[in-house]
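Shown next: final_33.cif, given as mmCIF, C-alpha atoms.
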```cif
data_final
#
loop_
_atom_site.group_PDB
_atom_site.id
_atom_site.type_symbol
_atom_site.label_atom_id
_atom_site.label_comp_id
_atom_site.auth_asym_id
_atom_site.auth_seq_id
_atom_site.Cartn_x
_atom_site.Cartn_y
_atom_site.Cartn_z
ATOM 1 C CA MET A 1 151.496 16.249 151.941
ATOM 2 C CA GLU A 2 149.324 13.425 150.826
ATOM 3 C CA ASP A 3 150.453 10.823 148.399
ATOM 4 C CA MET A 4 149.131 11.124 144.841
ATOM 5 C CA LEU A 5 147.992 7.519 144.726
ATOM 6 C CA LEU A 6 146.003 7.907 147.928
ATOM 7 C CA LYS A 7 144.413 11.078 146.611
ATOM 8 C CA GLN A 8 143.345 9.175 143.522
ATOM 9 C CA ALA A 9 142.105 6.291 145.638
ATOM 10 C CA ARG A 10 140.046 8.637 147.767
ATOM 11 C CA ALA A 11 138.463 10.313 144.754
ATOM 12 C CA LEU A 12 137.784 6.920 143.205
ATOM 13 C CA TYR A 13 136.161 5.666 146.369
ATOM 14 C CA LYS A 14 133.945 8.742 146.675
ATOM 15 C CA ASP A 15 132.929 8.441 143.020
ATOM 16 C CA ARG A 16 132.088 4.795 143.465
ATOM 17 C CA LEU A 17 130.000 5.581 146.527
ATOM 18 C CA ARG A 18 128.032 8.088 144.493
ATOM 19 C CA ILE A 19 127.534 5.581 141.695
ATOM 20 C CA ALA A 20 126.478 2.972 144.238
ATOM 21 C CA LEU A 21 123.945 5.370 145.755
ATOM 22 C CA ALA A 22 122.507 6.258 142.338
ATOM 23 C CA ALA A 23 122.319 2.580 141.408
ATOM 24 C CA PHE A 24 120.642 1.868 144.725
ATOM 25 C CA ILE A 25 117.884 4.408 144.046
ATOM 26 C CA VAL A 26 117.223 2.902 140.606
ATOM 27 C CA VAL A 27 117.271 -0.674 141.878
ATOM 28 C CA PHE A 28 115.047 0.325 144.801
ATOM 29 C CA SER A 29 112.411 1.760 142.436
ATOM 30 C CA ILE A 30 112.516 -1.271 140.167
ATOM 31 C CA THR A 31 112.195 -3.649 143.131
ATOM 32 C CA PHE A 32 109.330 -1.625 144.497
ATOM 33 C CA TYR A 33 107.568 -1.802 141.155
ATOM 34 C CA LEU A 34 108.206 -5.522 140.717
ATOM 35 C CA PHE A 35 106.855 -6.452 144.117
ATOM 36 C CA TYR A 36 103.844 -4.184 144.407
ATOM 37 C CA ASN A 37 102.617 -4.030 140.815
ATOM 38 C CA PRO A 38 101.351 -7.627 140.708
ATOM 39 C CA GLU A 39 98.364 -8.664 142.793
ATOM 40 C CA ILE A 40 98.809 -8.237 146.542
ATOM 41 C CA VAL A 41 98.940 -11.657 148.231
ATOM 42 C CA SER A 42 97.741 -11.177 151.783
ATOM 43 C CA ILE A 43 99.088 -13.319 154.613
ATOM 44 C CA GLY A 44 95.662 -13.282 156.216
ATOM 45 C CA ALA A 45 96.428 -11.344 159.375
ATOM 46 C CA ILE A 46 93.726 -8.764 158.819
ATOM 47 C CA PRO A 47 91.925 -7.218 161.775
ATOM 48 C CA PRO A 48 88.161 -7.901 161.876
ATOM 49 C CA SER A 49 86.113 -5.322 159.984
ATOM 50 C CA GLY A 50 84.187 -2.823 162.029
ATOM 51 C CA VAL A 51 86.905 -2.257 164.605
ATOM 52 C CA ILE A 52 88.839 0.177 162.411
ATOM 53 C CA PRO A 53 87.738 2.011 159.228
ATOM 54 C CA SER A 54 87.794 -0.108 156.067
ATOM 55 C CA GLY A 55 90.387 2.130 154.377
ATOM 56 C CA TRP A 56 92.797 1.235 157.139
ATOM 57 C CA THR A 57 92.043 -2.447 156.709
ATOM 58 C CA GLN A 58 92.900 -2.231 153.010
ATOM 59 C CA GLY A 59 96.155 -0.398 153.769
ATOM 60 C CA PHE A 60 97.003 -2.974 156.389
ATOM 61 C CA ALA A 61 96.386 -5.773 153.879
ATOM 62 C CA VAL A 62 98.983 -4.221 151.559
ATOM 63 C CA VAL A 63 101.565 -3.791 154.313
ATOM 64 C CA ALA A 64 101.098 -7.241 155.837
ATOM 65 C CA SER A 65 101.452 -9.189 152.628
ATOM 66 C CA VAL A 66 103.764 -11.665 150.968
ATOM 67 C CA ASN A 67 104.796 -8.821 148.655
ATOM 68 C CA THR A 68 106.199 -6.823 151.581
ATOM 69 C CA ILE A 69 108.168 -9.818 152.853
ATOM 70 C CA GLY A 70 109.655 -10.332 149.406
ATOM 71 C CA PHE A 71 110.414 -6.642 149.068
ATOM 72 C CA CYS A 72 112.179 -6.451 152.444
ATOM 73 C CA LEU A 73 114.186 -9.588 151.634
ATOM 74 C CA SER A 74 115.438 -8.144 148.357
ATOM 75 C CA ILE A 75 116.358 -4.808 149.958
ATOM 76 C CA THR A 76 118.306 -6.695 152.648
ATOM 77 C CA LEU A 77 120.056 -8.624 149.898
ATOM 78 C CA ILE A 78 120.997 -5.395 148.115
ATOM 79 C CA LEU A 79 122.378 -3.916 151.350
ATOM 80 C CA LEU A 80 124.326 -7.118 152.035
ATOM 81 C CA ILE A 81 125.879 -6.966 148.581
ATOM 82 C CA PHE A 82 126.841 -3.339 149.210
ATOM 83 C CA GLY A 83 128.300 -4.248 152.609
ATOM 84 C CA PHE A 84 130.331 -7.035 151.042
ATOM 85 C CA TRP A 85 131.552 -4.747 148.293
ATOM 86 C CA SER A 86 132.775 -2.086 150.710
ATOM 87 C CA TRP A 87 134.338 -4.730 152.980
ATOM 88 C CA ALA A 88 136.164 -6.610 150.277
ATOM 89 C CA PHE A 89 137.596 -4.033 147.956
ATOM 90 C CA LEU A 90 140.291 -1.529 148.583
ATOM 91 C CA PRO A 91 140.428 1.084 145.817
ATOM 92 C CA GLY A 92 143.112 0.072 143.333
ATOM 93 C CA PRO A 93 145.540 2.975 143.810
ATOM 94 C CA ALA A 94 145.497 2.487 147.592
ATOM 95 C CA LEU A 95 146.422 -1.165 147.155
ATOM 96 C CA THR A 96 149.207 -0.183 144.773
ATOM 97 C CA TYR A 97 150.491 2.330 147.335
ATOM 98 C CA THR A 98 150.432 -0.205 150.165
ATOM 99 C CA LEU A 99 152.082 -2.996 148.209
ATOM 100 C CA ALA A 100 154.711 -0.661 146.755
ATOM 101 C CA ILE A 101 155.713 0.564 150.213
ATOM 102 C CA LEU A 102 155.756 -2.912 151.734
ATOM 103 C CA LYS A 103 157.792 -4.362 148.851
ATOM 104 C CA GLY A 104 160.121 -1.401 148.930
ATOM 105 C CA ILE A 105 160.997 -1.704 152.577
ATOM 106 C CA LEU A 106 160.888 -5.479 152.951
ATOM 107 C CA GLY A 107 162.664 -6.487 149.782
ATOM 108 C CA THR A 108 161.942 -9.330 147.411
ATOM 109 C CA ASP A 109 162.772 -12.171 149.826
ATOM 110 C CA THR A 110 159.690 -11.425 151.879
ATOM 111 C CA THR A 111 156.374 -12.976 150.943
ATOM 112 C CA ILE A 112 153.572 -10.433 150.746
ATOM 113 C CA ARG A 113 150.222 -12.086 150.228
ATOM 114 C CA HIS A 114 147.034 -10.288 149.470
ATOM 115 C CA SER A 115 144.133 -12.489 148.559
ATOM 116 C CA PHE A 116 140.922 -10.815 149.528
ATOM 117 C CA GLY A 117 139.545 -7.999 151.603
ATOM 118 C CA LYS A 118 141.735 -5.282 153.011
ATOM 119 C CA LYS A 119 144.226 -7.501 154.771
ATOM 120 C CA ILE A 120 147.767 -8.058 153.600
ATOM 121 C CA ARG A 121 149.805 -10.814 155.202
ATOM 122 C CA VAL A 122 153.556 -10.458 155.317
ATOM 123 C CA THR A 123 155.843 -13.385 156.027
ATOM 124 C CA LEU A 124 159.378 -12.415 156.951
ATOM 125 C CA GLU A 125 162.471 -14.423 156.092
ATOM 126 C CA ASN A 126 162.599 -15.834 159.634
ATOM 127 C CA GLY A 127 159.088 -17.250 159.255
ATOM 128 C CA LEU A 128 157.338 -14.739 161.490
ATOM 129 C CA GLN A 129 154.230 -13.106 160.112
ATOM 130 C CA PHE A 130 152.310 -9.922 160.527
ATOM 131 C CA ASP A 131 149.115 -8.522 159.072
ATOM 132 C CA VAL A 132 148.574 -5.089 157.612
ATOM 133 C CA ASN A 133 144.896 -4.174 157.756
ATOM 134 C CA CYS A 134 143.756 -1.124 155.888
ATOM 135 C CA ARG A 135 140.676 0.886 156.660
ATOM 136 C CA ILE A 136 139.410 3.274 154.012
ATOM 137 C CA LYS A 137 138.108 5.824 156.476
ATOM 138 C CA ASP A 138 138.594 5.799 160.211
ATOM 139 C CA LYS A 139 135.357 6.710 161.956
ATOM 140 C CA GLY A 140 136.914 8.170 165.086
ATOM 141 C CA SER A 141 139.579 10.406 163.630
ATOM 142 C CA GLU A 142 138.007 10.859 160.184
ATOM 143 C CA GLU A 143 141.356 10.073 158.661
ATOM 144 C CA TRP A 144 141.580 8.376 155.273
ATOM 145 C CA PHE A 145 143.463 5.141 154.714
ATOM 146 C CA VAL A 146 144.694 4.164 158.122
ATOM 147 C CA TYR A 147 146.408 0.901 158.858
ATOM 148 C CA ARG A 148 146.519 -1.497 161.738
ATOM 149 C CA LEU A 149 149.613 -3.613 162.135
ATOM 150 C CA VAL A 150 149.181 -6.866 164.043
ATOM 151 C CA SER A 151 151.906 -9.460 164.426
ATOM 152 C CA THR A 152 151.326 -13.141 165.103
ATOM 153 C CA GLN A 153 151.511 -14.309 168.701
ATOM 154 C CA LEU A 154 155.067 -14.106 169.938
ATOM 155 C CA HIS A 155 156.185 -15.779 173.117
ATOM 156 C CA CYS A 156 159.205 -14.104 174.548
ATOM 157 C CA ASP A 157 160.084 -12.712 177.983
ATOM 158 C CA GLN A 158 161.446 -9.511 176.519
ATOM 159 C CA LEU A 159 158.396 -8.940 174.305
ATOM 160 C CA ARG A 160 156.996 -5.938 176.157
ATOM 161 C CA ASN A 161 160.334 -4.222 176.383
ATOM 162 C CA ILE A 162 161.100 -4.792 172.704
ATOM 163 C CA ALA A 163 157.612 -3.641 171.722
ATOM 164 C CA LEU A 164 157.820 -0.392 173.680
ATOM 165 C CA ARG A 165 161.273 0.349 172.350
ATOM 166 C CA HIS A 166 159.888 0.240 168.825
ATOM 167 C CA GLY A 167 156.742 2.199 169.545
ATOM 168 C CA PHE A 168 154.344 -0.733 169.606
ATOM 169 C CA GLY A 169 151.811 -1.889 172.132
ATOM 170 C CA VAL A 170 151.295 -5.499 173.243
ATOM 171 C CA LYS A 171 147.896 -7.148 173.118
ATOM 172 C CA ASN A 172 147.499 -10.911 173.657
ATOM 173 C CA ASP A 173 151.224 -11.450 172.996
ATOM 174 C CA ARG A 174 150.917 -9.625 169.689
ATOM 175 C CA LEU A 175 152.607 -6.399 168.693
ATOM 176 C CA VAL A 176 149.922 -3.948 167.604
ATOM 177 C CA ALA A 177 149.779 -0.386 166.361
ATOM 178 C CA ASN A 178 147.333 1.837 164.539
ATOM 179 C CA ILE A 179 149.195 3.983 162.074
ATOM 180 C CA SER A 180 148.410 6.592 159.494
ATOM 181 C CA ASN A 181 149.326 6.130 155.854
ATOM 182 C CA ASN A 182 152.415 8.341 155.950
ATOM 183 C CA GLU A 183 153.825 6.251 158.785
ATOM 184 C CA LEU A 184 153.420 2.965 156.939
ATOM 185 C CA HIS A 185 156.988 2.864 155.688
ATOM 186 C CA HIS A 186 158.803 3.670 158.927
ATOM 187 C CA ARG A 187 156.646 1.725 161.287
ATOM 188 C CA THR A 188 156.616 -1.413 159.168
ATOM 189 C CA PHE A 189 160.365 -1.117 159.191
ATOM 190 C CA LEU A 190 160.423 -0.862 162.988
ATOM 191 C CA LEU A 191 157.975 -3.765 163.291
ATOM 192 C CA THR A 192 160.250 -5.902 161.146
ATOM 193 C CA LYS A 193 163.228 -4.929 163.269
ATOM 194 C CA ALA A 194 161.340 -5.657 166.484
ATOM 195 C CA MET A 195 160.296 -9.058 165.181
ATOM 196 C CA MET A 196 163.862 -9.862 164.207
ATOM 197 C CA LEU A 197 164.974 -9.078 167.759
ATOM 198 C CA VAL A 198 162.167 -11.229 169.158
ATOM 199 C CA SER A 199 163.088 -14.160 166.943
ATOM 200 C CA ILE A 200 166.695 -13.915 168.115
ATOM 201 C CA SER A 201 165.790 -13.826 171.795
ATOM 202 C CA ILE A 202 163.300 -16.734 171.662
ATOM 203 C CA MET B 203 173.629 5.689 173.560
ATOM 204 C CA THR B 204 171.518 2.753 172.308
ATOM 205 C CA SER B 205 168.447 4.355 173.815
ATOM 206 C CA VAL B 206 169.139 7.668 172.107
ATOM 207 C CA TYR B 207 169.563 5.853 168.785
ATOM 208 C CA GLU B 208 166.302 4.006 169.295
ATOM 209 C CA LEU B 209 164.597 7.203 170.388
ATOM 210 C CA VAL B 210 165.630 8.961 167.183
ATOM 211 C CA GLN B 211 164.319 6.014 165.193
ATOM 212 C CA LEU B 212 161.058 5.970 167.086
ATOM 213 C CA MET B 213 160.495 9.698 166.736
ATOM 214 C CA SER B 214 161.216 9.647 163.031
ATOM 215 C CA SER B 215 158.781 6.796 162.514
ATOM 216 C CA LEU B 216 155.871 8.857 163.836
ATOM 217 C CA ASN B 217 153.916 11.332 161.754
ATOM 218 C CA ASP B 218 153.921 15.094 162.331
ATOM 219 C CA THR B 219 150.995 15.199 164.735
ATOM 220 C CA ARG B 220 152.239 12.393 166.956
ATOM 221 C CA ARG B 221 155.773 13.767 167.006
ATOM 222 C CA ALA B 222 154.513 17.221 167.947
ATOM 223 C CA ILE B 223 152.426 15.766 170.773
ATOM 224 C CA LEU B 224 155.301 13.778 172.246
ATOM 225 C CA LEU B 225 157.762 16.665 171.989
ATOM 226 C CA ALA B 226 155.355 19.116 173.607
ATOM 227 C CA LEU B 227 154.428 16.719 176.396
ATOM 228 C CA ALA B 228 158.059 15.817 177.040
ATOM 229 C CA HIS B 229 158.965 19.489 177.418
ATOM 230 C CA ILE B 230 156.202 20.337 179.840
ATOM 231 C CA TYR B 231 156.605 17.157 181.901
ATOM 232 C CA PRO B 232 155.475 16.638 184.686
ATOM 233 C CA ARG B 233 152.507 18.834 183.779
ATOM 234 C CA SER B 234 149.499 17.277 182.143
ATOM 235 C CA VAL B 235 147.157 18.956 179.687
ATOM 236 C CA SER B 236 143.575 18.531 178.561
ATOM 237 C CA GLY B 237 142.664 17.495 175.037
ATOM 238 C CA VAL B 238 141.724 21.018 174.017
ATOM 239 C CA GLN B 239 144.946 22.466 175.432
ATOM 240 C CA LEU B 240 146.952 19.810 173.635
ATOM 241 C CA SER B 241 145.306 20.428 170.280
ATOM 242 C CA ARG B 242 146.089 24.134 170.646
ATOM 243 C CA LEU B 243 149.627 23.436 171.803
ATOM 244 C CA ILE B 244 150.515 21.452 168.710
ATOM 245 C CA GLY B 245 148.575 23.684 166.332
ATOM 246 C CA TYR B 246 146.087 21.004 165.357
ATOM 247 C CA SER B 247 143.576 22.343 162.874
ATOM 248 C CA GLY B 248 140.942 19.629 163.194
ATOM 249 C CA LYS B 249 138.475 19.065 165.988
ATOM 250 C CA SER B 250 139.937 18.063 169.326
ATOM 251 C CA ARG B 251 137.455 15.204 169.433
ATOM 252 C CA SER B 252 138.903 13.666 166.294
ATOM 253 C CA LEU B 253 142.379 14.215 167.702
ATOM 254 C CA TYR B 254 141.314 12.400 170.821
ATOM 255 C CA ARG B 255 139.584 9.484 169.145
ATOM 256 C CA GLY B 256 142.306 8.939 166.618
ATOM 257 C CA VAL B 257 145.823 9.979 167.452
ATOM 258 C CA ILE B 258 145.657 10.163 171.232
ATOM 259 C CA SER B 259 143.948 6.826 171.716
ATOM 260 C CA HIS B 260 146.516 5.224 169.417
ATOM 261 C CA LEU B 261 149.394 6.803 171.304
ATOM 262 C CA LYS B 262 147.890 5.445 174.494
ATOM 263 C CA GLU B 263 147.547 1.979 172.987
ATOM 264 C CA ASN B 264 151.277 2.011 172.298
ATOM 265 C CA GLU B 265 151.900 3.232 175.859
ATOM 266 C CA LEU B 266 153.570 6.431 174.726
ATOM 267 C CA ILE B 267 151.230 8.650 176.736
ATOM 268 C CA GLN B 268 149.063 8.242 179.816
ATOM 269 C CA ILE B 269 145.540 9.529 180.208
ATOM 270 C CA ASP B 270 143.803 10.145 183.512
ATOM 271 C CA GLN B 271 140.103 10.746 183.415
ATOM 272 C CA LEU B 272 139.375 13.563 185.842
ATOM 273 C CA THR B 273 135.688 13.993 185.063
ATOM 274 C CA PRO B 274 133.631 12.258 182.343
ATOM 275 C CA LYS B 275 134.587 15.007 179.904
ATOM 276 C CA LEU B 276 137.951 16.174 181.186
ATOM 277 C CA TYR B 277 141.106 14.197 180.588
ATOM 278 C CA ALA B 278 144.611 14.827 181.795
ATOM 279 C CA ILE B 279 147.110 13.771 179.152
ATOM 280 C CA ARG B 280 150.776 13.393 179.948
ATOM 281 C CA ILE B 281 153.771 11.608 178.545
ATOM 282 C CA ASN B 282 154.467 8.101 179.805
ATOM 283 C CA SER B 283 157.700 8.750 181.671
ATOM 284 C CA GLU B 284 158.106 5.051 182.446
ATOM 285 C CA HIS B 285 158.455 4.238 178.757
ATOM 286 C CA PRO B 286 162.058 3.072 178.198
ATOM 287 C CA LEU B 287 162.717 5.557 175.383
ATOM 288 C CA LEU B 288 160.518 8.481 176.371
ATOM 289 C CA SER B 289 162.193 8.659 179.772
ATOM 290 C CA VAL B 290 165.349 9.462 177.818
ATOM 291 C CA LEU B 291 163.473 12.124 175.868
ATOM 292 C CA VAL B 292 162.129 13.665 179.063
ATOM 293 C CA ASP B 293 165.655 13.757 180.505
ATOM 294 C CA LEU B 294 166.988 15.369 177.345
ATOM 295 C CA CYS B 295 164.260 18.005 177.440
ATOM 296 C CA ARG B 296 164.885 18.709 181.103
ATOM 297 C CA THR B 297 168.601 19.229 180.691
ATOM 298 C CA ASN B 298 168.618 21.051 177.362
ATOM 299 C CA GLY B 299 165.127 22.283 176.667
ATOM 300 C CA GLU B 300 164.701 25.067 179.191
ATOM 301 C CA SER B 301 163.976 27.800 176.639
ATOM 302 C CA ALA B 302 161.647 25.585 174.630
ATOM 303 C CA ARG B 303 159.801 24.763 177.808
ATOM 304 C CA ILE B 304 159.197 28.465 178.449
ATOM 305 C CA ILE B 305 157.567 28.810 175.029
ATOM 306 C CA TYR B 306 155.353 25.807 175.587
ATOM 307 C CA LEU B 307 154.295 26.927 179.052
ATOM 308 C CA LYS B 308 153.559 30.430 177.808
ATOM 309 C CA ALA B 309 151.311 28.951 175.139
ATOM 310 C CA LEU B 310 149.470 27.074 177.841
ATOM 311 C CA GLU B 311 148.937 30.177 179.937
ATOM 312 C CA ASP B 312 147.322 32.239 177.176
ATOM 313 C CA GLU B 313 143.748 31.303 177.795
#
```

Show me this structure written as structure tokens.
Amino acid sequence: MEDMLLKQARALYKDRLRIALAAFIVVFSITFYLFYNPEIVSIGAIPPSGVIPSGWTQGFAVVASVNTIGFCLSITLILLIFGFWSWAFLPGPALTYTLAILKGILGTDTTIRHSFGKKIRVTLENGLQFDVNCRIKDKGSEEWFVYRLVSTQLHCDQLRNIALRHGFGVKNDRLVANISNNELHHRTFLLTKAMMLVSISI
Amino acid sequence: MTSVYELVQLMSSLNDTRRAILLALAHIYPRSVSGVQLSRLIGYSGKSRSLYRGVISHLKENELIQIDQLTPKLYAIRINSEHPLLSVLVDLCRTNGESARIIYLKALEDE
């Protein structure tokens, strides 16, 4: 059973992708028009006439021109903007879901900071921190809204034992786990408990 | 008793698919299964490749299961019996889960 908010978030994300694609086609056409309608400014790298037919030379002059460089640059810019957009923004309902669960389980004394991107940083009462990274769609498993929990570096002899006993792995002295969205509540809880135990045994 | 308590907590923190995998593997221990067998054993509806790349690799990262690569395409998946909590689960299944084990093994034989 999938959460309503996540269902909404998924639909919203798909809709936005469609809108982005439609906008891309329009912007692509306009850019194409803007760059190739004015006079073609050649960069001068034209093969000597006689070697290849003159029609080819003319085509080559259009391709190897300042216009093409400008066109490619603007398309790259558009793709970069799209990349930034999809990196930085989690659909609203998904963010609401995540924050609601984290606040619910961790209480009001815990600082939950979300500034930008898909990362949420949680600072526990004992000063230890962990990050909750959300991915909209996992490429490998094709699951929607999966999370990766990563704690800060913890130095403790018992770390591995504590980690395993709470279902976490250890990587570079950090507790890590990839979890699905319906595990977020329980596993954040266990991570908090594990980190409490670590802070006691330091 | 602490371990049993922690085991219950761990199992309830996992989602349906992961819980089903661990329970099935604990019952058939020390046997190992391939990815396709496992996806059939737990009634997974998706592709076994997505099961492998998502759930199974994450379970391995948390050292809950072990994977031996037999050939480039064939993997043997079994429960990590050295895990402090899953060793308890394996013991529990061995002492109490005889009839469940029969069902699991029968499911594995039907091929």

Using only C-alpha atoms, which residues of chain A come within 9 Å of chain B, and what is the closest atom pair for each, with the distance in Å to one decimal? Give it as a Markdown table, sorted by chain and residue number.
```
| residue | atom | partner | partner_atom | distance |
| --- | --- | --- | --- | --- |
| A:Asp138 | CA | B:Gly256 | CA | 8.0 |
| A:Lys139 | CA | B:Gly256 | CA | 8.7 |
| A:Gly140 | CA | B:Arg255 | CA | 5.0 |
| A:Ser141 | CA | B:Ser252 | CA | 4.3 |
| A:Glu142 | CA | B:Ser252 | CA | 6.8 |
| A:Glu143 | CA | B:Gly256 | CA | 8.1 |
| A:Asn161 | CA | B:Pro286 | CA | 7.7 |
| A:Ala163 | CA | B:Asn264 | CA | 8.5 |
| A:Leu164 | CA | B:His285 | CA | 6.9 |
| A:Arg165 | CA | B:Leu287 | CA | 6.2 |
| A:His166 | CA | B:Leu212 | CA | 6.1 |
| A:Gly167 | CA | B:Asn264 | CA | 6.1 |
| A:Phe168 | CA | B:Asn264 | CA | 4.9 |
| A:Gly169 | CA | B:Asn264 | CA | 3.9 |
| A:Val170 | CA | B:Asn264 | CA | 7.6 |
| A:Val176 | CA | B:Asn264 | CA | 7.7 |
| A:Ala177 | CA | B:Asn264 | CA | 6.6 |
| A:Asn178 | CA | B:His260 | CA | 6.0 |
| A:Ile179 | CA | B:His260 | CA | 7.9 |
| A:Ser180 | CA | B:Asn217 | CA | 7.6 |
| A:Asn182 | CA | B:Asn217 | CA | 6.7 |
| A:Glu183 | CA | B:Asn217 | CA | 5.9 |
| A:Leu184 | CA | B:Ser215 | CA | 8.6 |
| A:His185 | CA | B:Ser215 | CA | 8.1 |
| A:His186 | CA | B:Ser215 | CA | 4.8 |
| A:Arg187 | CA | B:Ser215 | CA | 5.6 |
| A:Phe189 | CA | B:Ser215 | CA | 8.7 |
| A:Leu190 | CA | B:Ser215 | CA | 7.8 |
```

Using the chain letters and numbering of this document, enumerate as a PyMOL selection string the residues selected by the PyMOL selection byres ((chain B and resi 277) around 12).
-> chain B and resi 234-240+250-251+254+258-259+268-276+278-280

In Å to one decimal, how far is atom CA of B:Tyr246 from atom CA of B:Cys295?
->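 Interatomic distance, atom CA of B:Cys295 to atom CA of B:Tyr246: 22.0 Å.
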
Resolved residues for the PyMOL selection byres ((chain A and resi 41) around 7) as a PyMOL selection string = chain A and resi 39-40+42-43+65-67

One decimal, Å: what's the distance from atom CA of A:Gly70 over to atom CA of A:Ser86, could you say?
->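 Answer for the atom CA of A:Gly70 to atom CA of A:Ser86 separation: 24.6 Å.
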
Specify as a list of chain:residue names each residue included when the PyMOL selection byres ((chain B and resi 303) around 12) is applied to this file.
->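 In the shown coordinates, the PyMOL selection byres ((chain B and resi 303) around 12) covers B:Leu225, B:Ala226, B:Leu227, B:Ala228, B:His229, B:Ile230, B:Tyr231, B:Pro232, B:Arg233, B:Leu243, B:Val292, B:Leu294, B:Cys295, B:Arg296, B:Thr297, B:Asn298, B:Gly299, B:Glu300, B:Ser301, B:Ala302, B:Ile304, B:Ile305, B:Tyr306, B:Leu307, B:Lys308, B:Ala309, B:Leu310.
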
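For the atom pair formed by atom CA of A:Gly117 and atom CA of A:Leu90, the distance is 7.2 Å, given to one decimal.
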
Spatial neighbours of A:Ser115, max dist 12 Å, all atoms listed in the file, sep filter under 4 positions, as an MDAnalysis selection string | chainID A and resid 88:90 95 119:122

Filtering to C-alpha atoms, could you give me those residues as a compact mmCIF listing (two decimals), keeping the file's coordinate frame?
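out06.txt, written as the output of this step:
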```txt
# COMPACT_ATOMS: atom_id res chain seq x y z
CA ALA A 88 136.16 -6.61 150.28
CA PHE A 89 137.60 -4.03 147.96
CA LEU A 90 140.29 -1.53 148.58
CA LEU A 95 146.42 -1.16 147.16
CA LYS A 119 144.23 -7.50 154.77
CA ILE A 120 147.77 -8.06 153.60
CA ARG A 121 149.80 -10.81 155.20
CA VAL A 122 153.56 -10.46 155.32
```

Got a sec: who's within 12 Å of stretch 12-14 of chain A, counting only C-alpha atoms, leaving out chain neighbours fewer than 6 positions off, as a tab-separated table (two decimals) with C-alpha atoms, keeping the file's coordinate frame?
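Just written: selection28.tsv:
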```
chain	number	residue	atom	x	y	z
A	5	LEU	CA	147.99	7.52	144.73
A	6	LEU	CA	146.00	7.91	147.93
A	20	ALA	CA	126.48	2.97	144.24
A	21	LEU	CA	123.94	5.37	145.76
A	85	TRP	CA	131.55	-4.75	148.29
A	86	SER	CA	132.78	-2.09	150.71
A	89	PHE	CA	137.60	-4.03	147.96
A	90	LEU	CA	140.29	-1.53	148.58
A	91	PRO	CA	140.43	1.08	145.82
A	92	GLY	CA	143.11	0.07	143.33
A	93	PRO	CA	145.54	2.98	143.81
A	94	ALA	CA	145.50	2.49	147.59
A	136	ILE	CA	139.41	3.27	154.01
A	137	LYS	CA	138.11	5.82	156.48
A	144	TRP	CA	141.58	8.38	155.27
A	145	PHE	CA	143.46	5.14	154.71
```
